[in-house]
file structure-v1.pdb (PDB, N, CA, C and O atoms)
ATOM      1  N   ARG A   1      34.529 -26.057   6.182
ATOM      2  CA  ARG A   1      35.624 -26.876   5.738
ATOM      3  C   ARG A   1      35.069 -28.155   5.117
ATOM      4  O   ARG A   1      34.208 -28.807   5.698
ATOM      5  N   GLN A   2      35.561 -28.494   3.969
ATOM      6  CA  GLN A   2      35.087 -29.679   3.264
ATOM      7  C   GLN A   2      35.689 -30.945   3.869
ATOM      8  O   GLN A   2      36.842 -30.971   4.285
ATOM      9  N   ASN A   3      34.868 -31.984   3.917
ATOM     10  CA  ASN A   3      35.315 -33.295   4.356
ATOM     11  C   ASN A   3      34.493 -34.309   3.578
ATOM     12  O   ASN A   3      33.381 -34.639   3.970
ATOM     13  N   LEU A   4      35.023 -34.785   2.484
ATOM     14  CA  LEU A   4      34.257 -35.655   1.595
ATOM     15  C   LEU A   4      33.896 -36.992   2.228
ATOM     16  O   LEU A   4      33.014 -37.695   1.722
ATOM     17  N   LEU A   5      34.521 -37.352   3.327
ATOM     18  CA  LEU A   5      34.136 -38.581   4.031
ATOM     19  C   LEU A   5      32.767 -38.439   4.688
ATOM     20  O   LEU A   5      32.105 -39.433   4.969
ATOM     21  N   PHE A   6      32.344 -37.206   4.955
ATOM     22  CA  PHE A   6      31.042 -36.948   5.587
ATOM     23  C   PHE A   6      30.020 -36.396   4.600
ATOM     24  O   PHE A   6      29.046 -35.776   5.015
ATOM     25  N   ALA A   7      30.199 -36.607   3.326
ATOM     26  CA  ALA A   7      29.278 -36.070   2.317
ATOM     27  C   ALA A   7      27.897 -36.709   2.442
ATOM     28  O   ALA A   7      27.760 -37.920   2.629
ATOM     29  N   ASN A   8      26.863 -35.870   2.376
ATOM     30  CA  ASN A   8      25.451 -36.294   2.377
ATOM     31  C   ASN A   8      25.067 -37.141   3.584
ATOM     32  O   ASN A   8      24.318 -38.106   3.452
ATOM     33  N   LYS A   9      25.518 -36.757   4.752
ATOM     34  CA  LYS A   9      25.124 -37.468   5.966
ATOM     35  C   LYS A   9      23.688 -37.094   6.324
ATOM     36  O   LYS A   9      23.239 -35.984   6.103
ATOM     37  N   ALA A  10      22.989 -38.045   6.868
ATOM     38  CA  ALA A  10      21.592 -37.822   7.249
ATOM     39  C   ALA A  10      21.514 -36.951   8.509
ATOM     40  O   ALA A  10      22.381 -37.033   9.371
ATOM     41  N   PRO A  11      20.481 -36.127   8.625
ATOM     42  CA  PRO A  11      20.331 -35.292   9.830
ATOM     43  C   PRO A  11      19.832 -36.102  11.019
ATOM     44  O   PRO A  11      19.270 -37.192  10.864
ATOM     45  N   PHE A  12      20.030 -35.558  12.208
ATOM     46  CA  PHE A  12      19.532 -36.107  13.471
ATOM     47  C   PHE A  12      20.053 -37.507  13.769
ATOM     48  O   PHE A  12      19.375 -38.317  14.371
ATOM     49  N   ASN A  13      21.272 -37.781  13.341
ATOM     50  CA  ASN A  13      21.892 -39.070  13.613
ATOM     51  C   ASN A  13      22.976 -38.858  14.660
ATOM     52  O   ASN A  13      24.011 -38.274  14.381
ATOM     53  N   PRO A  14      22.772 -39.328  15.901
ATOM     54  CA  PRO A  14      23.750 -39.075  16.954
ATOM     55  C   PRO A  14      25.116 -39.699  16.682
ATOM     56  O   PRO A  14      26.113 -39.282  17.263
ATOM     57  N   ALA A  15      25.202 -40.664  15.803
ATOM     58  CA  ALA A  15      26.485 -41.297  15.498
ATOM     59  C   ALA A  15      27.440 -40.330  14.789
ATOM     60  O   ALA A  15      28.653 -40.499  14.871
ATOM     61  N   ASN A  16      26.906 -39.312  14.116
ATOM     62  CA  ASN A  16      27.742 -38.346  13.401
ATOM     63  C   ASN A  16      28.266 -37.237  14.305
ATOM     64  O   ASN A  16      29.129 -36.469  13.895
ATOM     65  N   GLY A  17      27.738 -37.120  15.506
ATOM     66  CA  GLY A  17      28.177 -36.082  16.431
ATOM     67  C   GLY A  17      27.399 -34.794  16.221
ATOM     68  O   GLY A  17      26.598 -34.652  15.291
ATOM     69  N   TRP A  18      27.644 -33.821  17.112
ATOM     70  CA  TRP A  18      26.909 -32.559  17.074
ATOM     71  C   TRP A  18      27.286 -31.703  15.883
ATOM     72  O   TRP A  18      26.501 -30.869  15.442
ATOM     73  N   GLU A  19      28.475 -31.845  15.357
ATOM     74  CA  GLU A  19      28.871 -31.022  14.212
ATOM     75  C   GLU A  19      27.976 -31.295  13.005
ATOM     76  O   GLU A  19      27.663 -30.398  12.236
ATOM     77  N   TYR A  20      27.543 -32.531  12.856
ATOM     78  CA  TYR A  20      26.698 -32.909  11.725
ATOM     79  C   TYR A  20      25.280 -33.235  12.185
ATOM     80  O   TYR A  20      24.606 -34.068  11.594
ATOM     81  N   PHE A  21      24.805 -32.551  13.215
ATOM     82  CA  PHE A  21      23.467 -32.810  13.759
ATOM     83  C   PHE A  21      22.375 -32.542  12.726
ATOM     84  O   PHE A  21      21.380 -33.244  12.670
ATOM     85  N   LEU A  22      22.558 -31.509  11.887
ATOM     86  CA  LEU A  22      21.582 -31.222  10.829
ATOM     87  C   LEU A  22      21.983 -31.833   9.496
ATOM     88  O   LEU A  22      21.420 -31.510   8.462
ATOM     89  N   GLY A  23      22.952 -32.710   9.518
ATOM     90  CA  GLY A  23      23.399 -33.381   8.298
ATOM     91  C   GLY A  23      24.518 -32.615   7.619
ATOM     92  O   GLY A  23      25.096 -31.688   8.166
ATOM     93  N   SER A  24      24.827 -33.036   6.398
ATOM     94  CA  SER A  24      25.892 -32.382   5.637
ATOM     95  C   SER A  24      25.471 -32.270   4.177
ATOM     96  O   SER A  24      24.573 -32.973   3.721
ATOM     97  N   ASP A  25      26.143 -31.392   3.455
ATOM     98  CA  ASP A  25      25.831 -31.228   2.040
ATOM     99  C   ASP A  25      26.692 -32.174   1.203
ATOM    100  O   ASP A  25      27.384 -33.038   1.736
ATOM    101  N   SER A  26      26.638 -32.019  -0.113
ATOM    102  CA  SER A  26      27.339 -32.942  -1.010
ATOM    103  C   SER A  26      28.858 -32.807  -0.947
ATOM    104  O   SER A  26      29.569 -33.679  -1.436
ATOM    105  N   LEU A  27      29.359 -31.729  -0.342
ATOM    106  CA  LEU A  27      30.802 -31.557  -0.194
ATOM    107  C   LEU A  27      31.281 -31.887   1.219
ATOM    108  O   LEU A  27      32.440 -31.685   1.554
ATOM    109  N   GLY A  28      30.382 -32.397   2.063
ATOM    110  CA  GLY A  28      30.745 -32.799   3.410
ATOM    111  C   GLY A  28      30.812 -31.659   4.407
ATOM    112  O   GLY A  28      31.384 -31.808   5.481
ATOM    113  N   ARG A  29      30.218 -30.521   4.075
ATOM    114  CA  ARG A  29      30.213 -29.384   4.990
ATOM    115  C   ARG A  29      29.002 -29.487   5.912
ATOM    116  O   ARG A  29      27.915 -29.863   5.487
ATOM    117  N   SER A  30      29.179 -29.136   7.155
ATOM    118  CA  SER A  30      28.114 -29.205   8.145
ATOM    119  C   SER A  30      27.023 -28.182   7.829
ATOM    120  O   SER A  30      27.305 -26.995   7.673
ATOM    121  N   VAL A  31      25.789 -28.641   7.775
ATOM    122  CA  VAL A  31      24.663 -27.736   7.536
ATOM    123  C   VAL A  31      24.467 -26.821   8.745
ATOM    124  O   VAL A  31      24.148 -25.646   8.591
ATOM    125  N   LEU A  32      24.698 -27.327   9.945
ATOM    126  CA  LEU A  32      24.570 -26.514  11.153
ATOM    127  C   LEU A  32      25.570 -25.354  11.141
ATOM    128  O   LEU A  32      25.207 -24.217  11.414
ATOM    129  N   ALA A  33      26.812 -25.631  10.778
ATOM    130  CA  ALA A  33      27.826 -24.572  10.723
ATOM    131  C   ALA A  33      27.490 -23.539   9.647
ATOM    132  O   ALA A  33      27.649 -22.332   9.862
ATOM    133  N   ARG A  34      27.019 -23.993   8.511
ATOM    134  CA  ARG A  34      26.645 -23.070   7.438
ATOM    135  C   ARG A  34      25.457 -22.215   7.849
ATOM    136  O   ARG A  34      25.375 -21.035   7.516
ATOM    137  N   LEU A  35      24.527 -22.780   8.604
ATOM    138  CA  LEU A  35      23.367 -22.036   9.094
ATOM    139  C   LEU A  35      23.783 -20.958  10.092
ATOM    140  O   LEU A  35      23.277 -19.837  10.061
ATOM    141  N   VAL A  36      24.720 -21.279  10.969
ATOM    142  CA  VAL A  36      25.205 -20.301  11.949
ATOM    143  C   VAL A  36      25.896 -19.138  11.245
ATOM    144  O   VAL A  36      25.666 -17.970  11.578
ATOM    145  N   VAL A  37      26.731 -19.424  10.258
ATOM    146  CA  VAL A  37      27.434 -18.366   9.521
ATOM    147  C   VAL A  37      26.437 -17.502   8.751
ATOM    148  O   VAL A  37      26.550 -16.274   8.734
ATOM    149  N   ALA A  38      25.443 -18.117   8.131
ATOM    150  CA  ALA A  38      24.437 -17.356   7.381
ATOM    151  C   ALA A  38      23.600 -16.491   8.314
ATOM    152  O   ALA A  38      23.258 -15.354   7.973
ATOM    153  N   THR A  39      23.280 -16.988   9.493
ATOM    154  CA  THR A  39      22.517 -16.216  10.466
ATOM    155  C   THR A  39      23.306 -14.999  10.922
ATOM    156  O   THR A  39      22.766 -13.898  11.040
ATOM    157  N   ARG A  40      24.594 -15.184  11.170
ATOM    158  CA  ARG A  40      25.441 -14.072  11.592
ATOM    159  C   ARG A  40      25.466 -12.979  10.529
ATOM    160  O   ARG A  40      25.305 -11.799  10.827
ATOM    161  N   THR A  41      25.636 -13.369   9.281
ATOM    162  CA  THR A  41      25.672 -12.399   8.189
ATOM    163  C   THR A  41      24.337 -11.676   8.053
ATOM    164  O   THR A  41      24.301 -10.449   7.891
ATOM    165  N   THR A  42      23.257 -12.410   8.130
ATOM    166  CA  THR A  42      21.930 -11.812   8.009
ATOM    167  C   THR A  42      21.669 -10.815   9.127
ATOM    168  O   THR A  42      21.156  -9.716   8.889
ATOM    169  N   LEU A  43      22.029 -11.174  10.345
ATOM    170  CA  LEU A  43      21.796 -10.275  11.469
ATOM    171  C   LEU A  43      22.690  -9.041  11.409
ATOM    172  O   LEU A  43      22.280  -7.964  11.842
ATOM    173  N   LEU A  44      23.887  -9.176  10.864
ATOM    174  CA  LEU A  44      24.766  -8.016  10.733
ATOM    175  C   LEU A  44      24.220  -7.009   9.727
ATOM    176  O   LEU A  44      24.584  -5.833   9.763
ATOM    177  N   VAL A  45      23.355  -7.439   8.835
ATOM    178  CA  VAL A  45      22.743  -6.535   7.867
ATOM    179  C   VAL A  45      21.371  -6.070   8.356
ATOM    180  O   VAL A  45      21.047  -4.887   8.293
ATOM    181  N   ALA A  46      20.566  -6.982   8.876
ATOM    182  CA  ALA A  46      19.184  -6.677   9.222
ATOM    183  C   ALA A  46      19.053  -5.808  10.475
ATOM    184  O   ALA A  46      18.250  -4.877  10.497
ATOM    185  N   VAL A  47      19.807  -6.090  11.504
ATOM    186  CA  VAL A  47      19.663  -5.340  12.761
ATOM    187  C   VAL A  47      20.007  -3.857  12.581
ATOM    188  O   VAL A  47      19.228  -2.996  13.003
ATOM    189  N   PRO A  48      21.134  -3.507  11.947
ATOM    190  CA  PRO A  48      21.383  -2.070  11.740
ATOM    191  C   PRO A  48      20.338  -1.408  10.832
ATOM    192  O   PRO A  48      19.978  -0.248  11.059
ATOM    193  N   ALA A  49      19.843  -2.116   9.829
ATOM    194  CA  ALA A  49      18.830  -1.538   8.946
ATOM    195  C   ALA A  49      17.549  -1.234   9.714
ATOM    196  O   ALA A  49      16.957  -0.160   9.550
ATOM    197  N   VAL A  50      17.131  -2.130  10.569
ATOM    198  CA  VAL A  50      15.928  -1.908  11.374
ATOM    199  C   VAL A  50      16.160  -0.785  12.379
ATOM    200  O   VAL A  50      15.281   0.053  12.607
ATOM    201  N   ALA A  51      17.342  -0.732  12.978
ATOM    202  CA  ALA A  51      17.648   0.323  13.948
ATOM    203  C   ALA A  51      17.629   1.703  13.293
ATOM    204  O   ALA A  51      17.067   2.651  13.849
ATOM    205  N   VAL A  52      18.223   1.816  12.119
ATOM    206  CA  VAL A  52      18.229   3.103  11.406
ATOM    207  C   VAL A  52      16.811   3.500  11.027
ATOM    208  O   VAL A  52      16.407   4.658  11.205
ATOM    209  N   ALA A  53      16.025   2.553  10.522
ATOM    210  CA  ALA A  53      14.639   2.854  10.152
ATOM    211  C   ALA A  53      13.827   3.262  11.376
ATOM    212  O   ALA A  53      12.993   4.179  11.298
ATOM    213  N   MET A  54      14.072   2.620  12.513
ATOM    214  CA  MET A  54      13.339   2.955  13.723
ATOM    215  C   MET A  54      13.685   4.373  14.204
ATOM    216  O   MET A  54      12.790   5.141  14.559
ATOM    217  N   VAL A  55      14.951   4.717  14.184
ATOM    218  CA  VAL A  55      15.363   6.049  14.631
ATOM    219  C   VAL A  55      14.817   7.124  13.697
ATOM    220  O   VAL A  55      14.231   8.120  14.146
ATOM    221  N   LEU A  56      14.990   6.930  12.387
ATOM    222  CA  LEU A  56      14.494   7.922  11.428
ATOM    223  C   LEU A  56      12.975   8.046  11.468
ATOM    224  O   LEU A  56      12.427   9.149  11.432
ATOM    225  N   GLY A  57      12.276   6.928  11.557
ATOM    226  CA  GLY A  57      10.819   6.953  11.632
ATOM    227  C   GLY A  57      10.316   7.614  12.899
ATOM    228  O   GLY A  57       9.326   8.356  12.879
ATOM    229  N   SER A  58      10.994   7.365  13.998
ATOM    230  CA  SER A  58      10.602   7.995  15.265
ATOM    231  C   SER A  58      10.814   9.500  15.212
ATOM    232  O   SER A  58       9.953  10.276  15.650
ATOM    233  N   LEU A  59      11.964   9.911  14.703
ATOM    234  CA  LEU A  59      12.230  11.354  14.601
ATOM    235  C   LEU A  59      11.234  12.039  13.670
ATOM    236  O   LEU A  59      10.738  13.127  13.974
ATOM    237  N   TRP A  60      10.939  11.419  12.547
ATOM    238  CA  TRP A  60       9.988  11.977  11.612
ATOM    239  C   TRP A  60       8.593  12.050  12.244
ATOM    240  O   TRP A  60       7.863  13.023  12.088
ATOM    241  N   GLY A  61       8.211  11.011  12.985
ATOM    242  CA  GLY A  61       6.907  11.002  13.650
ATOM    243  C   GLY A  61       6.793  12.065  14.717
ATOM    244  O   GLY A  61       5.749  12.713  14.856
ATOM    245  N   VAL A  62       7.847  12.251  15.506
ATOM    246  CA  VAL A  62       7.835  13.306  16.526
ATOM    247  C   VAL A  62       7.742  14.670  15.867
ATOM    248  O   VAL A  62       6.977  15.536  16.307
ATOM    249  N   TRP A  63       8.498  14.890  14.812
ATOM    250  CA  TRP A  63       8.460  16.166  14.092
ATOM    251  C   TRP A  63       7.066  16.427  13.522
ATOM    252  O   TRP A  63       6.524  17.529  13.648
ATOM    253  N   ALA A  64       6.464  15.412  12.901
ATOM    254  CA  ALA A  64       5.132  15.573  12.312
ATOM    255  C   ALA A  64       4.079  15.824  13.392
ATOM    256  O   ALA A  64       3.172  16.641  13.209
ATOM    257  N   GLY A  65       4.187  15.144  14.517
ATOM    258  CA  GLY A  65       3.232  15.352  15.596
ATOM    259  C   GLY A  65       3.352  16.725  16.230
ATOM    260  O   GLY A  65       2.363  17.308  16.660
ATOM    261  N   TYR A  66       4.551  17.232  16.289
ATOM    262  CA  TYR A  66       4.775  18.547  16.889
ATOM    263  C   TYR A  66       4.238  19.658  16.006
ATOM    264  O   TYR A  66       3.655  20.622  16.487
ATOM    265  N   HIS A  67       4.418  19.543  14.703
ATOM    266  CA  HIS A  67       4.014  20.605  13.783
ATOM    267  C   HIS A  67       2.560  20.516  13.340
ATOM    268  O   HIS A  67       2.052  21.458  12.745
ATOM    269  N   ARG A  68       1.894  19.404  13.585
ATOM    270  CA  ARG A  68       0.484  19.222  13.241
ATOM    271  C   ARG A  68       0.213  19.462  11.758
ATOM    272  O   ARG A  68       1.123  19.491  10.941
ATOM    273  N   GLY A  69      -1.057  19.644  11.413
ATOM    274  CA  GLY A  69      -1.445  19.940  10.038
ATOM    275  C   GLY A  69      -1.324  18.739   9.118
ATOM    276  O   GLY A  69      -1.494  17.589   9.519
ATOM    277  N   TRP A  70      -1.027  18.992   7.850
ATOM    278  CA  TRP A  70      -0.992  17.937   6.841
ATOM    279  C   TRP A  70       0.169  16.978   7.064
ATOM    280  O   TRP A  70       0.163  15.851   6.555
ATOM    281  N   ARG A  71       1.188  17.357   7.814
ATOM    282  CA  ARG A  71       2.340  16.478   8.066
ATOM    283  C   ARG A  71       1.954  15.266   8.932
ATOM    284  O   ARG A  71       2.596  14.237   8.902
ATOM    285  N   GLU A  72       0.946  15.450   9.764
ATOM    286  CA  GLU A  72       0.512  14.401  10.653
ATOM    287  C   GLU A  72      -0.050  13.255   9.841
ATOM    288  O   GLU A  72      -0.040  12.156  10.167
TER     289      GLU A  72
END
call {"tool": "encode", "arguments": {"input": "structure-v1.pdb", "output": "structure tokens"}}
result
Amino acid sequence: RQNLLFANKAPFNPANGWEYFLGSDSLGRSVLARLVVATRTTLLVAVPAVAVAMVLGSLWGVWAGYHRGWRE
């Protein structure tokens, strides 16, 4: 949420409160809040991708180990 009264606040200033602990951007949005939202989005994409790769890689590795030969 934009709040132009808090535009470009300095980070680590206790007078601004915890919402603006990491400062604010030029539109007065909290950098901490934007970081939390970006982290959530990144994890919603990265965690399933890693899980799928781990399952497929494990299955492929078990199959290759069982059949031996050039597949190994």
call {"tool": "resolve_selection", "arguments": {"input": "structure-v1.pdb", "expression": "the PyMOL selection byres ((chain A and resi 11) around 4.5)", "output": "ChimeraX atom specification"}}
result
/A:9-10,12-13,21-23
call {"tool": "atom_distance", "arguments": {"input": "structure-v1.pdb", "atom1": "atom CA of A:Leu56", "atom2": "atom CA of A:Val37"}}
result
29.4 Å
call {"tool": "atom_distance", "arguments": {"input": "structure-v1.pdb", "atom1": "atom CA of A:Gln2", "atom2": "atom CA of A:Val31"}}
result
11.4 Å
call {"tool": "atom_distance", "arguments": {"input": "structure-v1.pdb", "atom1": "atom CA of A:Arg34", "atom2": "atom CA of A:Asn3"}}
result
13.8 Å
call {"tool": "closest_residue", "arguments": {"input": "structure-v1.pdb", "among": "A:Val45, A:Trp70, A:Arg1, A:Leu32", "to": "A:Tyr20", "atoms": "only N, CA, C and O atoms"}}
result
A:Leu32
call {"tool": "select_by_dssp", "arguments": {"input": "structure-v1.pdb", "residues": "chain A", "states": "helix (DSSP H, G or I)", "output": "JSON, numbers by chain"}}
result
{"A": [4, 5, 6, 14, 15, 16, 18, 19, 20, 31, 32, 33, 34, 35, 36, 37, 38, 39, 40, 41, 42, 43, 44, 45, 46, 47, 48, 49, 50, 51, 52, 53, 54, 55, 56, 57, 58, 59, 60, 61, 62, 63, 64, 65, 66, 67, 69, 70, 71]}
call {"tool": "resolve_selection", "arguments": {"input": "structure-v1.pdb", "expression": "the PyMOL selection byres ((chain A and resi 4) around 6)", "output": "NGL selection string"}}
result
:A and (2-3 or 5-7 or 26-28)
call {"tool": "write_last_selection", "arguments": {"input": "structure-v1.pdb", "atoms": "N, CA, C and O atoms", "output": "compact mmCIF listing (two decimals), in the coordinates of the input"}}
result
# COMPACT_ATOMS: atom_id res chain seq x y z
N GLN A 2 35.56 -28.49 3.97
CA GLN A 2 35.09 -29.68 3.26
C GLN A 2 35.69 -30.94 3.87
O GLN A 2 36.84 -30.97 4.28
N ASN A 3 34.87 -31.98 3.92
CA ASN A 3 35.32 -33.30 4.36
C ASN A 3 34.49 -34.31 3.58
O ASN A 3 33.38 -34.64 3.97
N LEU A 5 34.52 -37.35 3.33
CA LEU A 5 34.14 -38.58 4.03
C LEU A 5 32.77 -38.44 4.69
O LEU A 5 32.10 -39.43 4.97
N PHE A 6 32.34 -37.21 4.96
CA PHE A 6 31.04 -36.95 5.59
C PHE A 6 30.02 -36.40 4.60
O PHE A 6 29.05 -35.78 5.01
N ALA A 7 30.20 -36.61 3.33
CA ALA A 7 29.28 -36.07 2.32
C ALA A 7 27.90 -36.71 2.44
O ALA A 7 27.76 -37.92 2.63
N SER A 26 26.64 -32.02 -0.11
CA SER A 26 27.34 -32.94 -1.01
C SER A 26 28.86 -32.81 -0.95
O SER A 26 29.57 -33.68 -1.44
N LEU A 27 29.36 -31.73 -0.34
CA LEU A 27 30.80 -31.56 -0.19
C LEU A 27 31.28 -31.89 1.22
O LEU A 27 32.44 -31.68 1.55
N GLY A 28 30.38 -32.40 2.06
CA GLY A 28 30.74 -32.80 3.41
C GLY A 28 30.81 -31.66 4.41
O GLY A 28 31.38 -31.81 5.48
call {"tool": "decode", "arguments": {"input": "structure-v1.pdb", "residues": "chain A", "atoms": "C-alpha atoms", "output": "CSV table (one decimal), in the first residue's frame"}}
result
chain,number,residue,atom,x,y,z
A,1,ARG,CA,0.0,0.0,0.0
A,2,GLN,CA,1.4,3.4,-1.0
A,3,ASN,CA,1.9,6.1,1.6
A,4,LEU,CA,3.7,9.1,0.2
A,5,LEU,CA,4.3,10.5,3.7
A,6,PHE,CA,6.8,7.7,4.2
A,7,ALA,CA,8.6,7.9,0.9
A,8,ASN,CA,12.3,7.1,0.9
A,9,LYS,CA,12.6,6.5,4.6
A,10,ALA,CA,16.0,5.4,5.8
A,11,PRO,CA,16.4,1.7,7.0
A,12,PHE,CA,17.1,0.6,10.6
A,13,ASN,CA,15.5,3.7,12.1
A,14,PRO,CA,13.4,2.7,15.1
A,15,ALA,CA,11.4,5.9,14.9
A,16,ASN,CA,9.6,4.6,11.7
A,17,GLY,CA,8.4,1.4,13.5
A,18,TRP,CA,8.8,-2.2,12.4
A,19,GLU,CA,6.8,-1.8,9.2
A,20,TYR,CA,9.5,0.4,7.8
A,21,PHE,CA,12.5,-1.4,9.5
A,22,LEU,CA,14.2,-1.9,6.1
A,23,GLY,CA,13.1,1.5,4.8
A,24,SER,CA,10.7,2.4,2.1
A,25,ASP,CA,10.8,3.0,-1.6
A,26,SER,CA,10.0,6.2,-3.6
A,27,LEU,CA,6.3,5.5,-3.4
A,28,GLY,CA,6.3,5.0,0.4
A,29,ARG,CA,5.9,1.2,0.3
A,30,SER,CA,7.6,-0.9,3.0
A,31,VAL,CA,10.7,-2.7,1.7
A,32,LEU,CA,10.2,-5.4,4.4
A,33,ALA,CA,6.6,-6.1,3.2
A,34,ARG,CA,7.7,-6.2,-0.4
A,35,LEU,CA,10.5,-8.7,0.5
A,36,VAL,CA,8.1,-11.0,2.3
A,37,VAL,CA,5.7,-11.0,-0.7
A,38,ALA,CA,8.5,-11.7,-3.1
A,39,THR,CA,9.8,-14.5,-0.9
A,40,ARG,CA,6.4,-16.1,-0.8
A,41,THR,CA,6.1,-16.0,-4.6
A,42,THR,CA,9.6,-17.4,-5.1
A,43,LEU,CA,9.1,-20.2,-2.7
A,44,LEU,CA,5.7,-21.1,-4.3
A,45,VAL,CA,7.6,-21.7,-7.6
A,46,ALA,CA,11.0,-23.0,-6.4
A,47,VAL,CA,9.9,-25.6,-3.8
A,48,PRO,CA,7.6,-27.6,-6.1
A,49,ALA,CA,10.2,-27.4,-8.9
A,50,VAL,CA,12.8,-28.9,-6.7
A,51,ALA,CA,10.5,-31.5,-5.3
A,52,VAL,CA,9.5,-32.6,-8.8
A,53,ALA,CA,13.1,-32.8,-9.9
A,54,MET,CA,14.0,-34.7,-6.8
A,55,VAL,CA,11.3,-37.3,-7.4
A,56,LEU,CA,12.0,-37.7,-11.1
A,57,GLY,CA,15.7,-37.9,-10.6
A,58,SER,CA,15.4,-40.4,-7.8
A,59,LEU,CA,13.1,-42.6,-9.8
A,60,TRP,CA,15.4,-42.4,-12.9
A,61,GLY,CA,18.4,-43.2,-10.7
A,62,VAL,CA,16.7,-46.3,-9.1
A,63,TRP,CA,15.7,-47.5,-12.6
A,64,ALA,CA,19.2,-47.0,-14.0
A,65,GLY,CA,20.8,-48.7,-11.0
A,66,TYR,CA,18.5,-51.7,-11.2
A,67,HIS,CA,19.0,-52.3,-14.9
A,68,ARG,CA,22.8,-51.7,-14.9
A,69,GLY,CA,24.8,-51.4,-18.2
A,70,TRP,CA,25.0,-48.2,-20.1
A,71,ARG,CA,22.0,-46.6,-18.3
A,72,GLU,CA,24.1,-46.4,-15.1
